[in-house]
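Chemist: The following file, entry.txt, comprises compact mmCIF, C-alpha atoms:
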```txt
# COMPACT_ATOMS: atom_id res chain seq x y z
CA MET V 1 -26.41 104.68 16.70
CA LEU V 2 -26.65 101.18 18.01
CA PRO V 3 -25.26 100.46 21.39
CA GLN V 4 -21.99 98.58 21.53
CA LEU V 5 -22.28 95.00 22.73
CA PRO V 6 -19.52 93.41 24.75
CA ILE V 7 -17.77 90.54 22.85
CA ARG V 8 -15.80 87.98 24.70
CA ALA V 9 -12.18 87.33 23.74
CA HIS V 10 -12.58 83.68 22.73
CA VAL V 11 -15.55 84.48 20.45
CA LEU V 12 -13.55 87.24 18.78
CA ARG V 13 -10.62 84.87 18.10
CA ARG V 14 -12.96 82.30 16.55
CA LEU V 15 -14.48 84.86 14.18
CA ILE V 16 -11.10 86.15 13.10
CA SER V 17 -9.69 82.64 12.45
CA GLY V 18 -12.80 81.65 10.49
CA SER V 19 -12.59 84.68 8.18
CA ALA V 20 -8.88 84.07 7.61
CA THR V 21 -9.53 80.46 6.67
CA ARG V 22 -12.17 81.44 4.10
CA THR V 23 -9.82 83.99 2.57
CA GLU V 24 -7.02 81.44 2.22
CA TYR V 25 -9.37 78.88 0.64
CA GLN V 26 -10.51 81.42 -1.97
CA LEU V 27 -6.88 82.17 -2.87
CA ILE V 28 -6.20 78.44 -3.30
CA LEU V 29 -9.16 78.02 -5.65
CA LYS V 30 -7.95 80.90 -7.82
CA THR V 31 -4.35 79.67 -8.11
CA THR V 32 -4.88 75.85 -8.25
CA PRO V 33 -6.16 74.09 -11.45
CA LEU V 34 -9.54 72.40 -11.24
CA THR V 35 -8.16 68.91 -11.90
CA GLN V 36 -5.77 69.13 -8.96
CA THR V 37 -8.48 70.22 -6.57
CA LEU V 38 -10.93 67.50 -7.55
CA ILE V 39 -8.47 64.54 -7.79
CA PRO V 40 -5.89 64.19 -5.03
CA LYS V 41 -2.37 63.20 -6.05
CA SER V 42 -2.44 60.10 -3.90
CA ALA V 43 -5.55 58.68 -5.54
CA ALA V 44 -5.05 55.92 -8.14
CA PRO V 45 -6.34 56.53 -11.66
CA LEU V 46 -9.67 54.99 -12.45
CA PRO V 47 -9.64 52.02 -14.84
CA LEU V 48 -10.71 52.79 -18.36
CA GLN V 49 -12.62 49.49 -18.74
CA ARG V 50 -14.85 47.71 -16.28
CA GLN V 51 -14.12 44.04 -15.55
CA PHE V 52 -17.40 42.21 -15.20
CA SER V 53 -16.03 38.78 -14.20
CA GLN V 54 -12.83 37.24 -12.87
CA THR V 55 -13.74 33.59 -13.61
CA PRO V 56 -11.82 31.68 -16.32
CA LEU V 57 -13.37 30.93 -19.64
CA LEU V 58 -15.57 27.86 -19.78
CA LEU V 59 -14.20 25.08 -21.98
CA LYS V 60 -16.36 23.33 -24.46
CA LYS V 61 -17.57 19.92 -23.32
CA LYS V 62 -15.80 17.06 -25.08
CA GLY V 63 -17.82 14.89 -27.37
CA ARG V 64 -17.98 11.11 -27.41
CA ALA V 65 -15.33 10.83 -30.10
CA ASP V 66 -12.91 13.01 -28.13
CA ARG V 67 -13.44 10.98 -24.97
CA GLU V 68 -12.86 7.67 -26.78
CA GLU V 69 -9.70 9.04 -28.35
CA ALA V 70 -8.40 10.17 -24.96
CA VAL V 71 -9.12 6.78 -23.41
CA SER V 72 -7.44 4.93 -26.27
CA SER V 73 -4.35 7.14 -26.04
CA GLN V 74 -4.10 6.51 -22.29
CA SER V 75 -4.48 2.74 -22.79
CA ASN V 76 -1.78 2.74 -25.45
CA GLU V 77 0.62 4.46 -23.08
CA ALA V 78 -0.23 2.21 -20.11
CA GLU V 79 -0.36 -1.23 -21.80
CA ASP V 80 2.79 -3.02 -22.88
CA PRO V 81 2.49 -6.54 -24.35
CA TYR V 82 6.07 -7.36 -23.31
CA ASP V 83 5.58 -6.42 -19.67
CA PHE V 84 5.85 -9.74 -17.81
CA SER V 85 6.67 -8.28 -14.39
CA THR V 86 3.29 -9.24 -12.90
CA LEU V 87 3.58 -12.83 -14.16
CA GLU V 88 7.14 -13.23 -12.89
CA SER V 89 6.25 -11.74 -9.52
CA SER V 90 3.28 -14.10 -9.14
CA ILE V 91 5.43 -17.14 -9.95
CA GLU V 92 8.06 -16.04 -7.43
CA LYS V 93 5.39 -15.79 -4.73
CA VAL V 94 4.11 -19.27 -5.64
CA LEU V 95 7.60 -20.77 -5.36
CA GLU V 96 8.23 -19.02 -2.04
CA LYS V 97 4.98 -20.36 -0.60
CA LEU V 98 5.81 -23.83 -1.93
CA LYS V 99 9.17 -23.91 -0.16
CA ASN V 100 7.57 -22.65 3.05
CA ASP V 101 4.83 -25.32 2.93
CA LEU V 102 7.31 -28.12 2.18
CA SER V 103 9.48 -27.08 5.12
CA LYS V 104 6.55 -27.72 7.44
CA LEU V 105 6.26 -31.33 6.33
CA ARG V 106 8.26 -33.95 8.19
CA THR V 107 8.62 -37.73 8.23
CA GLY V 108 9.66 -38.03 11.86
CA GLY V 109 13.41 -38.36 11.37
CA ARG V 110 14.17 -34.69 10.70
CA PHE V 111 12.32 -31.71 12.11
CA ASN V 112 12.49 -28.06 11.15
CA PRO V 113 12.34 -25.76 14.21
CA GLU V 114 10.62 -23.13 12.09
CA VAL V 115 7.50 -25.29 12.11
CA LEU V 116 7.14 -24.72 15.85
CA GLU V 117 8.14 -21.07 15.61
CA ASN V 118 5.34 -20.40 13.09
CA LEU V 119 2.72 -22.16 15.20
CA ARG V 120 -0.10 -19.86 16.35
CA VAL V 121 -0.75 -19.72 20.11
CA HIS V 122 -3.94 -18.42 21.75
CA LEU V 123 -2.91 -16.84 25.05
CA VAL V 124 -6.54 -16.45 26.06
CA LYS V 125 -8.80 -19.47 25.65
CA ASP V 126 -11.44 -19.16 22.90
CA SER V 127 -9.90 -15.85 21.80
CA LYS V 128 -9.70 -14.86 18.13
CA THR V 129 -6.32 -13.20 18.55
CA SER V 130 -3.18 -15.34 18.46
CA GLU V 131 0.59 -14.94 18.63
CA LYS V 132 3.44 -16.73 16.91
CA LEU V 133 5.23 -19.22 19.14
CA GLY V 134 8.54 -17.76 17.98
CA ASP V 135 7.52 -14.38 19.49
CA LEU V 136 6.79 -16.00 22.86
CA ALA V 137 9.60 -18.55 23.15
CA GLN V 138 12.87 -19.72 21.63
CA VAL V 139 13.12 -23.12 19.91
CA LEU V 140 16.53 -24.79 20.11
CA PRO V 141 17.84 -28.26 19.19
CA LYS V 142 18.62 -30.23 22.34
CA GLY V 143 20.43 -33.12 20.73
CA GLY V 144 19.35 -36.46 19.40
CA ARG V 145 15.64 -36.62 18.66
CA SER V 146 14.48 -33.76 20.87
CA LEU V 147 13.98 -30.00 20.89
CA MET V 148 14.01 -27.48 23.70
CA ILE V 149 11.58 -24.57 24.01
CA LEU V 150 12.52 -21.70 26.34
CA VAL V 151 9.39 -19.72 27.19
CA GLY V 152 9.81 -16.02 27.98
CA GLU V 153 7.00 -15.81 30.57
CA LYS V 154 5.67 -18.57 32.81
CA ASP V 155 2.07 -17.60 32.08
CA HIS V 156 2.64 -18.58 28.45
CA VAL V 157 3.78 -22.14 29.19
CA LYS V 158 0.32 -23.74 29.32
CA PRO V 159 -1.03 -21.98 26.18
CA ILE V 160 2.08 -23.11 24.26
CA ILE V 161 1.66 -26.71 25.41
CA SER V 162 -2.00 -26.65 24.38
CA ALA V 163 -1.13 -25.24 20.96
CA ILE V 164 1.49 -27.92 20.27
CA GLN V 165 -0.72 -30.77 21.46
CA GLY V 166 -3.69 -29.42 19.48
CA SER V 167 -1.78 -29.37 16.17
CA LYS V 168 -2.60 -32.58 14.29
CA ASP V 169 0.12 -31.97 11.71
CA LEU V 170 2.89 -31.98 14.32
CA ASN V 171 1.88 -34.96 16.48
CA LEU V 172 4.24 -33.82 19.25
CA GLN V 173 3.94 -34.05 23.03
CA PRO V 174 5.94 -31.38 24.90
CA VAL V 175 7.03 -32.14 28.47
CA GLN V 176 7.73 -29.47 31.07
CA ASP V 177 11.28 -29.68 32.47
CA GLY V 178 11.56 -30.68 36.14
CA ASN V 179 14.32 -28.17 36.95
CA ASN V 180 13.10 -25.23 34.91
CA ALA V 181 9.37 -24.46 34.74
CA ALA V 182 9.88 -22.18 31.71
CA GLN V 183 11.53 -24.94 29.65
CA LEU V 184 9.70 -27.46 27.51
CA ASN V 185 11.33 -30.62 26.16
CA VAL V 186 9.84 -31.90 22.90
CA PRO V 187 10.82 -35.46 21.89
CA ILE V 188 10.76 -36.16 18.15
CA PRO V 189 9.17 -39.55 17.40
CA PRO V 190 11.12 -41.91 15.11
CA PRO V 191 10.04 -42.07 11.48
CA THR V 192 7.56 -44.69 10.42
CA LYS V 193 6.41 -45.87 7.02
CA GLU V 194 3.01 -44.37 7.62
CA SER V 195 4.38 -40.92 8.51
CA ARG V 196 6.75 -41.03 5.52
CA ASP V 197 3.95 -41.91 3.10
CA LEU V 198 1.76 -39.15 4.48
CA ALA V 199 4.56 -36.62 4.09
CA LEU V 200 5.27 -37.70 0.50
CA SER V 201 1.61 -37.45 -0.41
CA ALA V 202 1.36 -34.01 1.19
CA ALA V 203 4.42 -32.86 -0.75
CA SER V 204 2.83 -33.92 -4.04
CA LYS V 205 -0.40 -32.08 -3.19
CA THR V 206 1.59 -28.99 -2.29
CA GLY V 207 3.28 -29.12 -5.70
CA ASP V 208 -0.10 -29.42 -7.43
CA THR V 209 -1.34 -26.35 -5.57
CA ALA V 210 1.71 -24.41 -6.73
CA ASN V 211 1.05 -25.40 -10.35
CA VAL V 212 -2.51 -24.14 -10.03
CA GLY V 213 -1.17 -20.80 -8.84
CA ILE V 214 1.10 -20.57 -11.88
CA ARG V 215 -1.77 -21.41 -14.23
CA ASN V 216 -3.88 -18.68 -12.65
CA ALA V 217 -1.11 -16.13 -13.20
CA ARG V 218 -0.84 -17.28 -16.85
CA ALA V 219 -4.61 -16.93 -17.31
CA ALA V 220 -4.51 -13.36 -15.98
CA LEU V 221 -1.84 -12.38 -18.51
CA GLN V 222 -3.72 -14.11 -21.34
CA LYS V 223 -6.81 -12.11 -20.44
CA ARG V 224 -4.83 -8.87 -20.62
CA LEU V 225 -3.37 -9.77 -24.02
CA ARG V 226 -6.83 -10.72 -25.29
CA ALA V 227 -8.19 -7.34 -24.19
CA MET V 228 -5.38 -5.59 -26.06
CA GLU V 229 -6.21 -7.64 -29.16
CA ILE V 230 -9.89 -6.67 -28.99
CA LYS V 231 -9.03 -2.99 -28.59
CA LYS V 232 -6.57 -3.31 -31.47
CA THR V 233 -3.79 -1.78 -29.41
CA ILE V 234 -1.36 -4.56 -30.29
CA ARG V 235 -0.09 -5.83 -33.61
CA PRO V 236 -0.58 -9.54 -34.45
CA ASP V 237 3.18 -10.11 -34.60
CA ASP V 238 3.66 -8.58 -31.15
CA LEU V 239 0.81 -10.70 -29.80
CA LYS V 240 2.46 -13.91 -31.05
CA LYS V 241 5.86 -12.94 -29.66
CA ALA V 242 4.38 -11.97 -26.29
CA SER V 243 2.45 -15.26 -26.09
CA LYS V 244 5.59 -17.30 -26.84
CA GLU V 245 7.59 -15.41 -24.22
CA MET V 246 4.78 -15.95 -21.70
CA GLU V 247 4.81 -19.70 -22.32
CA LYS V 248 8.58 -19.81 -21.75
CA ILE V 249 8.22 -18.07 -18.38
CA VAL V 250 5.38 -20.40 -17.36
CA GLU V 251 7.29 -23.53 -18.38
CA LYS V 252 10.27 -22.40 -16.34
CA GLY V 253 8.03 -21.83 -13.31
CA VAL V 254 6.49 -25.31 -13.62
CA ALA V 255 9.96 -26.83 -13.92
CA ASP V 256 11.09 -25.00 -10.77
CA VAL V 257 8.06 -26.36 -8.91
CA LYS V 258 8.85 -29.92 -9.96
CA LYS V 259 12.51 -29.51 -9.02
CA THR V 260 11.63 -28.17 -5.56
CA VAL V 261 9.08 -30.91 -4.86
CA ASP V 262 11.41 -33.68 -6.04
CA ALA V 263 14.19 -32.40 -3.76
CA ALA V 264 11.82 -32.34 -0.81
CA ARG V 265 10.52 -35.85 -1.52
CA LYS V 266 14.06 -37.18 -1.80
CA GLY V 267 14.92 -35.75 1.61
CA MET V 268 11.80 -37.32 3.10
CA GLU V 269 12.59 -40.75 1.68
CA GLN V 270 16.09 -40.65 3.11
CA ALA V 271 14.93 -39.51 6.56
```
Could you render the structure as structure tokens?
Modeler:
Amino acid sequence: MLPQLPIRAHVLRRLISGSATRTEYQLILKTTPLTQTLIPKSAAPLPLQRQFSQTPLLLKKKGRADREEAVSSQSNEAEDPYDFSTLESSIEKVLEKLKNDLSKLRTGGRFNPEVLENLRVHLVKDSKTSEKLGDLAQVLPKGGRSLMILVGEKDHVKPIISAIQGSKDLNLQPVQDGNNAAQLNVPIPPPTKESRDLALSAASKTGDTANVGIRNARAALQKRLRAMEIKKTIRPDDLKKASKEMEKIVEKGVADVKKTVDAARKGMEQA
């Protein structure tokens, strides 16, 4: 008979718990179906089919005929032979510039203060940057044949005087006021025949420049209509109607230029 070996208490408890665990596991295997033991309930079912790619299907490259058809359809939607908005806008800009240029002309008897307000002033000598005189000072009629310029800062007085004296179109000589160093008095010289003739000639040239601008706007629209005719995106009847309507708009613009120039010349002759 073998001698009895002493077994410690904690070792005995470990052996007993291990044998009990094995016995319970065997009972579970006998009573539980095989599918439940292999696949836990929480696991998601496996997909029946494998997805090899998640990228979208590649589209077939369009041929030349398809591309030309797409371009022609886009051009048909975008082009309208009766769209004269660009022409009308260009003529309006020409007339606005014409009125602005005529307001700068003078014969000596009448003077528009806006001419001085729009004059560019270089605060730093030989500098490329400049400021409008109207942003640096206030131009006010003083009475008779003179204007008054109230300068905001004293450091700007000399640059403003230099800008006025350097403008050949104005031919003005500002004088600094004896009581207020920030005030400039600008006498307006009386009109002469020479100054009146120069102003009338300048007004006529300004009108000619405006007419050139209108002709350029007309040429741009004609080019667009010609392109539509070549692409065959416009019917011949529509082309004729659009051309007639274009000529009416252009004639009206030229008439407005003549009317504006004649009014300005009349004011210069009466000055």
Chemist: Would you compute the distance between atom CA of V:Thr206 and atom CA of V:Ser90? Give it in Å to one decimal.
Modeler: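 Atom-to-atom, atom CA of V:Thr206 to atom CA of V:Ser90, that is 16.5 Å.
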Chemist: Rounded to one decimal, what separation in Å do you get between atom CA of V:Gln222 and atom CA of V:Val254?
Modeler: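 Taking atom CA of V:Gln222 as the start and atom CA of V:Val254 as the end point, the length is 17.0 Å.
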Chemist: Pick out the residues sitting within 9 Å of V:Leu172, and hand them over as a VMD selection string; count all atoms listed in the file, and ignore anything fewer than 5 positions along from it in its own chain.
Modeler: chain V and resid 164 to 165 167 186 to 189
Chemist: Let me make sure I understand: among V:Pro190, V:Ala210, V:Gly267, V:Leu123, which one has the smallest atom-to-atom distance to V:Lys97 if we use all atoms listed in the file?
Modeler: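 Closest candidate: V:Ala210.
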Chemist: Considering only C-alpha atoms, can you say which of V:Val139, V:Arg215, V:Lys241, V:Ala203 comes closest to V:Leu102?
Modeler: V:Ala203
Chemist: Go ahead and compute the interatomic distance for atom CA of V:Gly213 and atom CA of V:Ile91, in Å to one decimal.
Modeler: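 Taking atom CA of V:Gly213 as the start and atom CA of V:Ile91 as the end point, the length is 7.6 Å.
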